[in-house]
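Remarks on the structure that follows.
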Amino acid sequence: MNHQEPPRYRPELSQASARLTHEVSALDERGRPSLIAIPAERPLTVYVDKREIVTLMTLGGAPEALVLGYLRNQRLVRTLEDIVSIQVDWSVDAVAVVTRNGILDVEERTAKKVVTTGCGQGSVFGGLMDEVDQIALPKEARLQQSVVYRIVDTIRTQQSIYKQAGSVHGCALFSHGGELLYFVEDVGRHNAVDAIAGLMWLDAVEGADKVFYTTGRLTSEMVIKGAQMGIPFLLSRSGTTQMGHMVAEKVGMSLLARCSGKHFLLLAGSARLVFEPELLEPLNAPRAARLA
């Protein structure tokens with residue numbers, strides 16, 4: 001007899017994805033008119049149990065997942081079952097979140113904010129820094145150099161709002177073999193990572209064997225959020241900050257920056273990366289051969 005597992009709990013969610021680009025008129029350097037696409041940007045004020053928590057500036061492509069991931073990464077809710085519903089209403093640029101039992105000490109927990117270096121002025125509640133010491137990422141996780149290259153190539157060929165209109169950041173979640181699981185773009189990378197955190201929570205996806213990629217800088221906020229999601233690998237085509245590097249070393253995260261083509265800089269967590277020197281031309285090879 002087959003015993004089916006009961007369906008996993010999911011809160012009631014609206015489906016309020018907004019249009020991601022907007023057309024505007026522009027004149028080029030010769031005065032010639034044209035219509036161009038620019039990323040949409042709209043405010044989304046989050047109300048939890050009728051209490052205003054924050055206003056997020058967002059594209060609006062995955063607003064429910066964004067709000068869910070935001071609440072998770074800020075540690076305002078601990079389990080998916082804490083959330084009864086998330087309802088987005090773009091006519092008033094607001095989202096109503098209903099929790100099952102409220103948020104304990106919500107005033108105290110949201111009082112202290114730190115404005116981060118994230119694009120779009122991200123903010124984290126100050127208490128999150130106190131929880132870094134409690135995060136333990138899997139030491140046994142490994143990432144092959146060839147998979148790093150597969151991820152970089154996948155991002156390079158991914159259809160995106162950035163290629164169409166620019167001015168956005170993208171984040172992606174990959175399997176340990178380099179399979180693309182989620183790709184989200186938003187006006188700030190902190191929003192994109194929160195949206196992926198929300199999708200992971202809804203789909204019961206664990207982070208222990210996953211790789212996170214961002215087009216933006218590896219700031220302390222990005223590293224903390226990646227660690228909270230249990231992800232041991234964080235890749236970026238950009239660089240890192242001193243605090244981002246410090247937090248990565250503190251939590252034992254593998255940090256790869258300046259990922260472009262076959263180049264990268266491994267800044268932390270070197271024991272997890274499996275180098276494959278046969279993938280690269282020898283340093284003493286003729287220049288023409290190395291560029292081929």
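Quick note on naming: the chains in the structure tokens go A, B, ... in the order shown, residues restart at 1 in each chain, and ligands are numbered from 1 in order of appearance.
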
What's the 8 Å shell around region 18-26 of chain A, counting only C-alpha atoms, without same-chain residues fewer than 3 positions away, as a list in words?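 Answer for this query is Pro33, Ser34, Leu35, Ile36, Ala37, Ile38, Pro39, Ala40, Leu59, Gly60, Gly61, Ile161 and Ala165 of chain A.
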
Which residues are near region 193-196 of chain A? Cut-off 10 Å, only C-alpha atoms, ignore same chain within fewer than 3 positions. Put them as an mmCIF file with all heavy atoms, in the first residue's frame.
data_model
loop_
_atom_site.group_PDB
_atom_site.id
_atom_site.type_symbol
_atom_site.label_atom_id
_atom_site.label_comp_id
_atom_site.auth_asym_id
_atom_site.auth_seq_id
_atom_site.Cartn_x
_atom_site.Cartn_y
_atom_site.Cartn_z
ATOM 1 N N GLY A 61 8.346 41.734 -9.945
ATOM 2 C CA GLY A 61 8.194 40.500 -10.705
ATOM 3 C C GLY A 61 7.761 39.320 -9.869
ATOM 4 O O GLY A 61 7.051 38.435 -10.348
ATOM 5 N N ALA A 62 8.190 39.285 -8.612
ATOM 6 C CA ALA A 62 7.817 38.188 -7.710
ATOM 7 C C ALA A 62 7.571 38.766 -6.318
ATOM 8 O O ALA A 62 8.285 38.466 -5.371
ATOM 9 C CB ALA A 62 8.923 37.135 -7.667
ATOM 10 N N PRO A 63 6.547 39.614 -6.167
ATOM 11 C CA PRO A 63 6.392 40.350 -4.916
ATOM 12 C C PRO A 63 6.090 39.478 -3.710
ATOM 13 O O PRO A 63 6.552 39.766 -2.603
ATOM 14 C CB PRO A 63 5.239 41.319 -5.216
ATOM 15 C CG PRO A 63 4.462 40.666 -6.322
ATOM 16 C CD PRO A 63 5.496 39.967 -7.152
ATOM 17 N N GLU A 64 5.309 38.421 -3.901
ATOM 18 C CA GLU A 64 4.980 37.556 -2.759
ATOM 19 C C GLU A 64 6.228 36.847 -2.238
ATOM 20 O O GLU A 64 6.467 36.777 -1.033
ATOM 21 C CB GLU A 64 3.898 36.539 -3.155
ATOM 22 C CG GLU A 64 2.569 37.157 -3.538
ATOM 23 C CD GLU A 64 2.514 37.618 -4.999
ATOM 24 O OE1 GLU A 64 3.464 37.300 -5.756
ATOM 25 O OE2 GLU A 64 1.529 38.275 -5.370
ATOM 26 N N ALA A 65 7.029 36.308 -3.169
ATOM 27 C CA ALA A 65 8.272 35.644 -2.768
ATOM 28 C C ALA A 65 9.235 36.643 -2.134
ATOM 29 O O ALA A 65 9.943 36.320 -1.178
ATOM 30 C CB ALA A 65 8.923 34.970 -3.978
ATOM 31 N N LEU A 66 9.286 37.869 -2.657
ATOM 32 C CA LEU A 66 10.139 38.912 -2.093
ATOM 33 C C LEU A 66 9.776 39.181 -0.643
ATOM 34 O O LEU A 66 10.651 39.225 0.241
ATOM 35 C CB LEU A 66 10.007 40.192 -2.915
ATOM 36 C CG LEU A 66 10.569 41.477 -2.300
ATOM 37 C CD1 LEU A 66 12.064 41.352 -2.042
ATOM 38 C CD2 LEU A 66 10.265 42.683 -3.191
ATOM 39 N N VAL A 67 8.498 39.370 -0.369
ATOM 40 C CA VAL A 67 8.058 39.675 0.995
ATOM 41 C C VAL A 67 8.320 38.488 1.924
ATOM 42 O O VAL A 67 8.810 38.656 3.051
ATOM 43 C CB VAL A 67 6.567 40.059 1.001
ATOM 44 C CG1 VAL A 67 6.044 40.185 2.429
ATOM 45 C CG2 VAL A 67 6.358 41.378 0.247
ATOM 46 N N LEU A 68 8.034 37.293 1.449
ATOM 47 C CA LEU A 68 8.269 36.109 2.266
ATOM 48 C C LEU A 68 9.752 35.967 2.599
ATOM 49 O O LEU A 68 10.133 35.718 3.754
ATOM 50 C CB LEU A 68 7.771 34.865 1.532
ATOM 51 C CG LEU A 68 7.876 33.548 2.289
ATOM 52 C CD1 LEU A 68 7.070 33.595 3.574
ATOM 53 C CD2 LEU A 68 7.411 32.391 1.413
ATOM 54 N N GLY A 69 10.604 36.136 1.586
ATOM 55 C CA GLY A 69 12.040 36.034 1.818
ATOM 56 C C GLY A 69 12.557 37.140 2.711
ATOM 57 O O GLY A 69 13.462 36.925 3.526
ATOM 58 N N TYR A 70 12.001 38.335 2.565
ATOM 59 C CA TYR A 70 12.402 39.453 3.423
ATOM 60 C C TYR A 70 12.100 39.132 4.882
ATOM 61 O O TYR A 70 12.959 39.305 5.761
ATOM 62 C CB TYR A 70 11.672 40.725 2.996
ATOM 63 C CG TYR A 70 12.001 41.931 3.855
ATOM 64 C CD1 TYR A 70 13.108 42.720 3.571
ATOM 65 C CD2 TYR A 70 11.221 42.257 4.954
ATOM 66 C CE1 TYR A 70 13.431 43.814 4.365
ATOM 67 C CE2 TYR A 70 11.534 43.354 5.756
ATOM 68 C CZ TYR A 70 12.637 44.133 5.451
ATOM 69 O OH TYR A 70 12.953 45.199 6.248
ATOM 70 N N LEU A 71 10.891 38.661 5.150
ATOM 71 C CA LEU A 71 10.518 38.335 6.526
ATOM 72 C C LEU A 71 11.370 37.200 7.070
ATOM 73 O O LEU A 71 11.742 37.193 8.248
ATOM 74 C CB LEU A 71 9.029 37.952 6.584
ATOM 75 C CG LEU A 71 8.040 39.063 6.237
ATOM 76 C CD1 LEU A 71 6.627 38.512 6.206
ATOM 77 C CD2 LEU A 71 8.145 40.221 7.226
ATOM 78 N N ARG A 72 11.708 36.247 6.204
ATOM 79 C CA ARG A 72 12.553 35.135 6.639
ATOM 80 C C ARG A 72 13.975 35.614 6.940
ATOM 81 O O ARG A 72 14.538 35.298 7.989
ATOM 82 C CB ARG A 72 12.589 34.059 5.552
ATOM 83 C CG ARG A 72 13.483 32.877 5.907
ATOM 84 C CD ARG A 72 13.678 31.941 4.736
ATOM 85 N NE ARG A 72 14.435 30.757 5.135
ATOM 86 C CZ ARG A 72 14.852 29.825 4.287
ATOM 87 N NH1 ARG A 72 14.589 29.926 2.996
ATOM 88 N NH2 ARG A 72 15.529 28.769 4.720
ATOM 89 N N ASN A 73 14.564 36.374 6.017
ATOM 90 C CA ASN A 73 15.953 36.798 6.192
ATOM 91 C C ASN A 73 16.124 37.812 7.321
ATOM 92 O O ASN A 73 17.204 37.931 7.886
ATOM 93 C CB ASN A 73 16.498 37.362 4.877
ATOM 94 C CG ASN A 73 16.888 36.260 3.911
ATOM 95 O OD1 ASN A 73 17.134 35.129 4.311
ATOM 96 N ND2 ASN A 73 16.939 36.593 2.628
ATOM 97 N N GLN A 74 15.049 38.536 7.633
ATOM 98 C CA GLN A 74 15.111 39.444 8.778
ATOM 99 C C GLN A 74 14.796 38.726 10.080
ATOM 100 O O GLN A 74 14.799 39.346 11.148
ATOM 101 C CB GLN A 74 14.120 40.609 8.589
ATOM 102 C CG GLN A 74 14.359 41.461 7.354
ATOM 103 C CD GLN A 74 15.654 42.222 7.401
ATOM 104 O OE1 GLN A 74 16.247 42.372 8.463
ATOM 105 N NE2 GLN A 74 16.115 42.712 6.267
ATOM 106 N N HIS A 169 19.819 44.305 -10.942
ATOM 107 C CA HIS A 169 20.710 43.254 -10.484
ATOM 108 C C HIS A 169 19.996 41.917 -10.589
ATOM 109 O O HIS A 169 18.775 41.830 -10.411
ATOM 110 C CB HIS A 169 21.139 43.476 -9.029
ATOM 111 C CG HIS A 169 22.242 44.478 -8.885
ATOM 112 N ND1 HIS A 169 23.514 44.256 -9.364
ATOM 113 C CD2 HIS A 169 22.266 45.702 -8.314
ATOM 114 C CE1 HIS A 169 24.280 45.290 -9.090
ATOM 115 N NE2 HIS A 169 23.546 46.189 -8.454
ATOM 116 N N GLY A 170 20.765 40.869 -10.851
ATOM 117 C CA GLY A 170 20.209 39.536 -10.923
ATOM 118 C C GLY A 170 20.839 38.620 -9.894
ATOM 119 O O GLY A 170 22.013 38.763 -9.554
ATOM 120 N N CYS A 171 20.051 37.682 -9.384
ATOM 121 C CA CYS A 171 20.543 36.645 -8.493
ATOM 122 C C CYS A 171 20.015 35.306 -8.967
ATOM 123 O O CYS A 171 18.924 35.227 -9.544
ATOM 124 C CB CYS A 171 20.097 36.889 -7.048
ATOM 125 S SG CYS A 171 20.897 38.299 -6.244
ATOM 126 N N ALA A 172 20.792 34.263 -8.740
ATOM 127 C CA ALA A 172 20.392 32.943 -9.203
ATOM 128 C C ALA A 172 20.816 31.885 -8.205
ATOM 129 O O ALA A 172 21.823 32.040 -7.499
ATOM 130 C CB ALA A 172 21.011 32.645 -10.570
ATOM 131 N N LEU A 173 20.040 30.809 -8.145
ATOM 132 C CA LEU A 173 20.378 29.656 -7.322
ATOM 133 C C LEU A 173 20.643 28.474 -8.243
ATOM 134 O O LEU A 173 19.856 28.191 -9.150
ATOM 135 C CB LEU A 173 19.251 29.317 -6.355
ATOM 136 C CG LEU A 173 19.579 28.216 -5.348
ATOM 137 C CD1 LEU A 173 20.540 28.741 -4.290
ATOM 138 C CD2 LEU A 173 18.314 27.660 -4.693
ATOM 139 N N LEU A 181 18.263 26.746 -10.935
ATOM 140 C CA LEU A 181 17.010 26.459 -10.241
ATOM 141 C C LEU A 181 16.094 27.677 -10.196
ATOM 142 O O LEU A 181 14.900 27.565 -10.452
ATOM 143 C CB LEU A 181 17.307 25.973 -8.812
ATOM 144 C CG LEU A 181 18.216 24.739 -8.706
ATOM 145 C CD1 LEU A 181 18.503 24.417 -7.242
ATOM 146 C CD2 LEU A 181 17.599 23.548 -9.422
ATOM 147 N N TYR A 182 16.645 28.839 -9.840
ATOM 148 C CA TYR A 182 15.868 30.080 -9.797
ATOM 149 C C TYR A 182 16.727 31.218 -10.338
ATOM 150 O O TYR A 182 17.944 31.251 -10.118
ATOM 151 C CB TYR A 182 15.457 30.453 -8.367
ATOM 152 C CG TYR A 182 14.670 29.423 -7.606
ATOM 153 C CD1 TYR A 182 15.200 28.829 -6.466
ATOM 154 C CD2 TYR A 182 13.393 29.049 -8.002
ATOM 155 C CE1 TYR A 182 14.492 27.890 -5.743
ATOM 156 C CE2 TYR A 182 12.670 28.109 -7.288
ATOM 157 C CZ TYR A 182 13.223 27.532 -6.162
ATOM 158 O OH TYR A 182 12.512 26.604 -5.458
ATOM 159 N N PHE A 183 16.063 32.162 -11.028
ATOM 160 C CA PHE A 183 16.730 33.382 -11.475
ATOM 161 C C PHE A 183 15.767 34.533 -11.263
ATOM 162 O O PHE A 183 14.632 34.507 -11.759
ATOM 163 C CB PHE A 183 17.120 33.285 -12.948
ATOM 164 C CG PHE A 183 17.793 34.526 -13.483
ATOM 165 C CD1 PHE A 183 19.115 34.796 -13.173
ATOM 166 C CD2 PHE A 183 17.104 35.426 -14.287
ATOM 167 C CE1 PHE A 183 19.748 35.941 -13.658
ATOM 168 C CE2 PHE A 183 17.719 36.563 -14.773
ATOM 169 C CZ PHE A 183 19.045 36.822 -14.455
ATOM 170 N N VAL A 184 16.196 35.527 -10.492
ATOM 171 C CA VAL A 184 15.337 36.663 -10.162
ATOM 172 C C VAL A 184 16.127 37.955 -10.359
ATOM 173 O O VAL A 184 17.295 38.040 -9.970
ATOM 174 C CB VAL A 184 14.847 36.597 -8.695
ATOM 175 C CG1 VAL A 184 14.080 37.863 -8.324
ATOM 176 C CG2 VAL A 184 13.957 35.380 -8.487
ATOM 177 N N GLU A 185 15.487 38.948 -10.959
ATOM 178 C CA GLU A 185 16.098 40.269 -11.111
ATOM 179 C C GLU A 185 15.260 41.303 -10.358
ATOM 180 O O GLU A 185 14.040 41.172 -10.249
ATOM 181 C CB GLU A 185 16.173 40.660 -12.585
ATOM 182 C CG GLU A 185 17.173 39.851 -13.383
ATOM 183 C CD GLU A 185 17.152 40.227 -14.853
ATOM 184 O OE1 GLU A 185 16.116 39.986 -15.513
ATOM 185 O OE2 GLU A 185 18.159 40.752 -15.336
ATOM 186 N N ASP A 186 15.930 42.325 -9.848
ATOM 187 C CA ASP A 186 15.224 43.419 -9.188
ATOM 188 C C ASP A 186 16.126 44.645 -9.199
ATOM 189 O O ASP A 186 17.297 44.562 -9.587
ATOM 190 C CB ASP A 186 14.824 43.046 -7.756
ATOM 191 C CG ASP A 186 13.506 43.693 -7.349
ATOM 192 O OD1 ASP A 186 13.319 44.899 -7.637
ATOM 193 O OD2 ASP A 186 12.655 43.008 -6.746
ATOM 194 N N GLY A 188 17.365 46.143 -6.737
ATOM 195 C CA GLY A 188 18.420 45.970 -5.745
ATOM 196 C C GLY A 188 18.720 44.499 -5.567
ATOM 197 O O GLY A 188 17.814 43.668 -5.565
ATOM 198 N N ARG A 189 19.998 44.165 -5.413
ATOM 199 C CA ARG A 189 20.343 42.750 -5.274
ATOM 200 C C ARG A 189 19.777 42.166 -3.988
ATOM 201 O O ARG A 189 19.510 40.968 -3.910
ATOM 202 C CB ARG A 189 21.863 42.575 -5.324
ATOM 203 C CG ARG A 189 22.622 43.327 -4.266
ATOM 204 C CD ARG A 189 24.129 43.200 -4.466
ATOM 205 N NE ARG A 189 24.860 44.039 -3.520
ATOM 206 C CZ ARG A 189 25.146 45.313 -3.739
ATOM 207 N NH1 ARG A 189 24.762 45.889 -4.859
ATOM 208 N NH2 ARG A 189 25.818 46.015 -2.849
ATOM 209 N N HIS A 190 19.597 42.998 -2.948
ATOM 210 C CA HIS A 190 19.028 42.495 -1.695
ATOM 211 C C HIS A 190 17.593 42.021 -1.905
ATOM 212 O O HIS A 190 17.150 41.063 -1.285
ATOM 213 C CB HIS A 190 19.097 43.558 -0.592
ATOM 214 C CG HIS A 190 18.579 44.891 -1.022
ATOM 215 N ND1 HIS A 190 17.256 45.232 -0.960
ATOM 216 C CD2 HIS A 190 19.219 45.973 -1.546
ATOM 217 C CE1 HIS A 190 17.100 46.464 -1.410
ATOM 218 N NE2 HIS A 190 18.276 46.941 -1.773
ATOM 219 N N LEU A 199 11.236 31.799 -2.479
ATOM 220 C CA LEU A 199 10.941 30.662 -3.355
ATOM 221 C C LEU A 199 11.486 29.365 -2.771
ATOM 222 O O LEU A 199 10.826 28.316 -2.833
ATOM 223 C CB LEU A 199 11.531 30.912 -4.739
ATOM 224 C CG LEU A 199 10.895 32.052 -5.544
ATOM 225 C CD1 LEU A 199 11.714 32.358 -6.792
ATOM 226 C CD2 LEU A 199 9.459 31.695 -5.930
ATOM 227 N N MET A 200 12.685 29.425 -2.203
ATOM 228 C CA MET A 200 13.256 28.231 -1.578
ATOM 229 C C MET A 200 12.380 27.749 -0.430
ATOM 230 O O MET A 200 12.162 26.541 -0.256
ATOM 231 C CB MET A 200 14.667 28.526 -1.068
ATOM 232 C CG MET A 200 15.707 28.733 -2.146
ATOM 233 S SD MET A 200 17.317 29.254 -1.459
ATOM 234 C CE MET A 200 17.778 27.771 -0.530
ATOM 235 N N TRP A 201 11.890 28.675 0.340
ATOM 236 C CA TRP A 201 11.046 28.316 1.481
ATOM 237 C C TRP A 201 9.751 27.674 1.010
ATOM 238 O O TRP A 201 9.320 26.649 1.539
ATOM 239 C CB TRP A 201 10.764 29.573 2.291
ATOM 240 C CG TRP A 201 10.731 29.324 3.771
ATOM 241 C CD1 TRP A 201 11.057 28.174 4.426
ATOM 242 C CD2 TRP A 201 10.356 30.265 4.778
ATOM 243 N NE1 TRP A 201 10.922 28.330 5.774
ATOM 244 C CE2 TRP A 201 10.490 29.601 6.021
ATOM 245 C CE3 TRP A 201 9.941 31.582 4.754
ATOM 246 C CZ2 TRP A 201 10.206 30.227 7.243
ATOM 247 C CZ3 TRP A 201 9.664 32.217 5.955
ATOM 248 C CH2 TRP A 201 9.790 31.547 7.177
ATOM 249 N N LEU A 202 9.126 28.271 0.003
ATOM 250 C CA LEU A 202 7.865 27.726 -0.510
ATOM 251 C C LEU A 202 8.047 26.328 -1.090
ATOM 252 O O LEU A 202 7.167 25.470 -0.954
ATOM 253 C CB LEU A 202 7.295 28.660 -1.585
ATOM 254 C CG LEU A 202 6.699 29.977 -1.101
ATOM 255 C CD1 LEU A 202 6.385 30.883 -2.276
ATOM 256 C CD2 LEU A 202 5.427 29.723 -0.282
ATOM 257 N N PHE A 212 24.987 30.059 -4.868
ATOM 258 C CA PHE A 212 24.258 31.310 -5.106
ATOM 259 C C PHE A 212 25.125 32.238 -5.939
ATOM 260 O O PHE A 212 26.316 32.415 -5.664
ATOM 261 C CB PHE A 212 23.899 31.985 -3.778
ATOM 262 C CG PHE A 212 22.831 33.035 -3.908
ATOM 263 C CD1 PHE A 212 21.494 32.704 -3.797
ATOM 264 C CD2 PHE A 212 23.165 34.355 -4.166
ATOM 265 C CE1 PHE A 212 20.506 33.673 -3.936
ATOM 266 C CE2 PHE A 212 22.195 35.324 -4.298
ATOM 267 C CZ PHE A 212 20.858 34.978 -4.190
ATOM 268 N N TYR A 213 24.520 32.829 -6.962
ATOM 269 C CA TYR A 213 25.231 33.762 -7.846
ATOM 270 C C TYR A 213 24.539 35.113 -7.804
ATOM 271 O O TYR A 213 23.305 35.206 -7.831
ATOM 272 C CB TYR A 213 25.236 33.237 -9.283
ATOM 273 C CG TYR A 213 25.955 34.158 -10.246
ATOM 274 C CD1 TYR A 213 27.296 33.966 -10.569
ATOM 275 C CD2 TYR A 213 25.300 35.248 -10.829
ATOM 276 C CE1 TYR A 213 27.959 34.817 -11.439
ATOM 277 C CE2 TYR A 213 25.953 36.111 -11.687
ATOM 278 C CZ TYR A 213 27.279 35.889 -11.993
ATOM 279 O OH TYR A 213 27.925 36.748 -12.852
ATOM 280 N N THR A 214 25.333 36.180 -7.758
ATOM 281 C CA THR A 214 24.789 37.530 -7.831
ATOM 282 C C THR A 214 25.626 38.368 -8.780
ATOM 283 O O THR A 214 26.846 38.189 -8.868
ATOM 284 C CB THR A 214 24.736 38.203 -6.440
ATOM 285 O OG1 THR A 214 24.289 39.559 -6.590
ATOM 286 C CG2 THR A 214 26.101 38.202 -5.780
ATOM 287 N N MET A 222 24.808 40.550 1.713
ATOM 288 C CA MET A 222 24.661 39.415 0.809
ATOM 289 C C MET A 222 25.206 38.142 1.443
ATOM 290 O O MET A 222 24.615 37.068 1.335
ATOM 291 C CB MET A 222 25.375 39.703 -0.505
ATOM 292 C CG MET A 222 24.773 40.838 -1.312
ATOM 293 S SD MET A 222 23.067 40.502 -1.806
ATOM 294 C CE MET A 222 23.314 39.141 -2.940
ATOM 295 N N LYS A 225 22.828 36.955 4.300
ATOM 296 C CA LYS A 225 21.601 36.349 3.786
ATOM 297 C C LYS A 225 21.880 34.986 3.162
ATOM 298 O O LYS A 225 21.114 34.031 3.345
ATOM 299 C CB LYS A 225 20.931 37.285 2.772
ATOM 300 C CG LYS A 225 20.292 38.505 3.425
ATOM 301 C CD LYS A 225 19.542 39.361 2.422
ATOM 302 C CE LYS A 225 18.837 40.520 3.117
ATOM 303 N NZ LYS A 225 18.035 41.342 2.194
ATOM 304 N N GLY A 226 22.983 34.876 2.419
ATOM 305 C CA GLY A 226 23.333 33.582 1.850
ATOM 306 C C GLY A 226 23.577 32.552 2.933
ATOM 307 O O GLY A 226 23.149 31.395 2.823
ATOM 308 N N MET A 229 20.444 31.269 4.504
ATOM 309 C CA MET A 229 19.783 30.312 3.629
ATOM 310 C C MET A 229 20.521 28.971 3.599
ATOM 311 O O MET A 229 20.106 28.046 2.919
ATOM 312 C CB MET A 229 19.674 30.904 2.220
ATOM 313 C CG MET A 229 18.761 32.131 2.156
ATOM 314 S SD MET A 229 19.193 33.295 0.830
ATOM 315 C CE MET A 229 18.776 32.356 -0.628
#

Distance criterion (only C-alpha atoms): nearest to Thr215 (chain A) out of A:Val168, A:Leu27, A:Leu56, A:Leu104: A:Val168

What is the CA of Val148 (chain A)-CA of Gly239 (chain A) distance in Å, reported with one decimal?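 Computed distance, CA of Val148 (chain A) to CA of Gly239 (chain A), equals 15.9 Å.
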
Among the residues of region 4-108 of chain A, find those DSSP assigns to alpha helix (DSSP H) from the backbone and print them as a VMD selection string. chain A and resid 63 to 73 106 to 108

Those residues you just picked out, can you put them in a file as a tab-separated table (two decimals), in the first residue's frame with all heavy atoms?
chain	number	residue	atom	x	y	z
A	63	PRO	N	6.55	39.61	-6.17
A	63	PRO	CA	6.39	40.35	-4.92
A	63	PRO	C	6.09	39.48	-3.71
A	63	PRO	O	6.55	39.77	-2.60
A	63	PRO	CB	5.24	41.32	-5.22
A	63	PRO	CG	4.46	40.67	-6.32
A	63	PRO	CD	5.50	39.97	-7.15
A	64	GLU	N	5.31	38.42	-3.90
A	64	GLU	CA	4.98	37.56	-2.76
A	64	GLU	C	6.23	36.85	-2.24
A	64	GLU	O	6.47	36.78	-1.03
A	64	GLU	CB	3.90	36.54	-3.16
A	64	GLU	CG	2.57	37.16	-3.54
A	64	GLU	CD	2.51	37.62	-5.00
A	64	GLU	OE1	3.46	37.30	-5.76
A	64	GLU	OE2	1.53	38.27	-5.37
A	65	ALA	N	7.03	36.31	-3.17
A	65	ALA	CA	8.27	35.64	-2.77
A	65	ALA	C	9.23	36.64	-2.13
A	65	ALA	O	9.94	36.32	-1.18
A	65	ALA	CB	8.92	34.97	-3.98
A	66	LEU	N	9.29	37.87	-2.66
A	66	LEU	CA	10.14	38.91	-2.09
A	66	LEU	C	9.78	39.18	-0.64
A	66	LEU	O	10.65	39.22	0.24
A	66	LEU	CB	10.01	40.19	-2.92
A	66	LEU	CG	10.57	41.48	-2.30
A	66	LEU	CD1	12.06	41.35	-2.04
A	66	LEU	CD2	10.27	42.68	-3.19
A	67	VAL	N	8.50	39.37	-0.37
A	67	VAL	CA	8.06	39.67	1.00
A	67	VAL	C	8.32	38.49	1.92
A	67	VAL	O	8.81	38.66	3.05
A	67	VAL	CB	6.57	40.06	1.00
A	67	VAL	CG1	6.04	40.19	2.43
A	67	VAL	CG2	6.36	41.38	0.25
A	68	LEU	N	8.03	37.29	1.45
A	68	LEU	CA	8.27	36.11	2.27
A	68	LEU	C	9.75	35.97	2.60
A	68	LEU	O	10.13	35.72	3.75
A	68	LEU	CB	7.77	34.86	1.53
A	68	LEU	CG	7.88	33.55	2.29
A	68	LEU	CD1	7.07	33.59	3.57
A	68	LEU	CD2	7.41	32.39	1.41
A	69	GLY	N	10.60	36.14	1.59
A	69	GLY	CA	12.04	36.03	1.82
A	69	GLY	C	12.56	37.14	2.71
A	69	GLY	O	13.46	36.92	3.53
A	70	TYR	N	12.00	38.34	2.57
A	70	TYR	CA	12.40	39.45	3.42
A	70	TYR	C	12.10	39.13	4.88
A	70	TYR	O	12.96	39.31	5.76
A	70	TYR	CB	11.67	40.73	3.00
A	70	TYR	CG	12.00	41.93	3.86
A	70	TYR	CD1	13.11	42.72	3.57
A	70	TYR	CD2	11.22	42.26	4.95
A	70	TYR	CE1	13.43	43.81	4.36
A	70	TYR	CE2	11.53	43.35	5.76
A	70	TYR	CZ	12.64	44.13	5.45
A	70	TYR	OH	12.95	45.20	6.25
A	71	LEU	N	10.89	38.66	5.15
A	71	LEU	CA	10.52	38.34	6.53
A	71	LEU	C	11.37	37.20	7.07
A	71	LEU	O	11.74	37.19	8.25
A	71	LEU	CB	9.03	37.95	6.58
A	71	LEU	CG	8.04	39.06	6.24
A	71	LEU	CD1	6.63	38.51	6.21
A	71	LEU	CD2	8.15	40.22	7.23
A	72	ARG	N	11.71	36.25	6.20
A	72	ARG	CA	12.55	35.14	6.64
A	72	ARG	C	13.98	35.61	6.94
A	72	ARG	O	14.54	35.30	7.99
A	72	ARG	CB	12.59	34.06	5.55
A	72	ARG	CG	13.48	32.88	5.91
A	72	ARG	CD	13.68	31.94	4.74
A	72	ARG	NE	14.43	30.76	5.13
A	72	ARG	CZ	14.85	29.83	4.29
A	72	ARG	NH1	14.59	29.93	3.00
A	72	ARG	NH2	15.53	28.77	4.72
A	73	ASN	N	14.56	36.37	6.02
A	73	ASN	CA	15.95	36.80	6.19
A	73	ASN	C	16.12	37.81	7.32
A	73	ASN	O	17.20	37.93	7.89
A	73	ASN	CB	16.50	37.36	4.88
A	73	ASN	CG	16.89	36.26	3.91
A	73	ASN	OD1	17.13	35.13	4.31
A	73	ASN	ND2	16.94	36.59	2.63
A	106	VAL	N	7.79	42.77	18.16
A	106	VAL	CA	8.01	43.34	16.83
A	106	VAL	C	8.58	44.76	16.91
A	106	VAL	O	9.44	45.13	16.11
A	106	VAL	CB	6.72	43.30	15.99
A	106	VAL	CG1	5.61	44.13	16.62
A	106	VAL	CG2	7.00	43.75	14.55
A	107	GLU	N	8.12	45.57	17.85
A	107	GLU	CA	8.60	46.95	17.94
A	107	GLU	C	10.09	46.98	18.27
A	107	GLU	O	10.87	47.72	17.65
A	107	GLU	CB	7.80	47.71	19.00
A	107	GLU	CG	6.36	47.96	18.62
A	107	GLU	CD	5.66	48.86	19.61
A	107	GLU	OE1	6.35	49.45	20.47
A	107	GLU	OE2	4.43	48.99	19.52
A	108	GLU	N	10.50	46.17	19.21
A	108	GLU	CA	11.91	46.13	19.60
A	108	GLU	C	12.77	45.56	18.47
A	108	GLU	O	13.87	46.06	18.21
A	108	GLU	CB	12.07	45.28	20.85
A	108	GLU	CG	13.51	45.15	21.33
A	108	GLU	CD	13.62	44.26	22.55
A	108	GLU	OE1	12.57	43.97	23.18
A	108	GLU	OE2	14.75	43.85	22.87

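Using only C-alpha atoms, the nearest neighbour of Ile86 (chain A) within the list A:Arg156, A:His263, A:Lys250, A:Lys50 is A:Lys50.
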
Need to verify the contact set: Val95 (chain A), 8 Å, only C-alpha atoms, exclusion of same-chain residues closer than 6 positions in sequence. Can you return it as number ranges by chain? A: 44-47, 86-89

DSSP strand (DSSP E or B) selection over region 116-239 of chain A, as a list in words: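 Filtering region 116-239 of chain A down to strand (DSSP E or B) leaves Ser123, Val124, Phe125, Leu143, Gln144, His169, Gly170, Cys171, Ala172, Leu173, Phe174, Ser175, Leu180, Leu181, Tyr182, Phe183, Val184, Glu185, Asp186, Lys210, Val211, Phe212, Tyr213, Thr214, Leu218, Phe233, Leu234, Leu235 and Ser236 of chain A.
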
If we count only C-alpha atoms, what is near Gly178 (chain A) at a cut-off of 12 Å, once residues fewer than 4 positions away on the same chain are taken out, given as a PyMOL selection string? chain A and resi 143-155+172-174+182+209-213+233

Counting only C-alpha atoms, which of A:Leu255, A:Val97, A:Ala208, A:Val84 gets nearest to Glu140 (chain A)?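 Checking each candidate against Glu140 (chain A), we get A:Ala208 as the closest.
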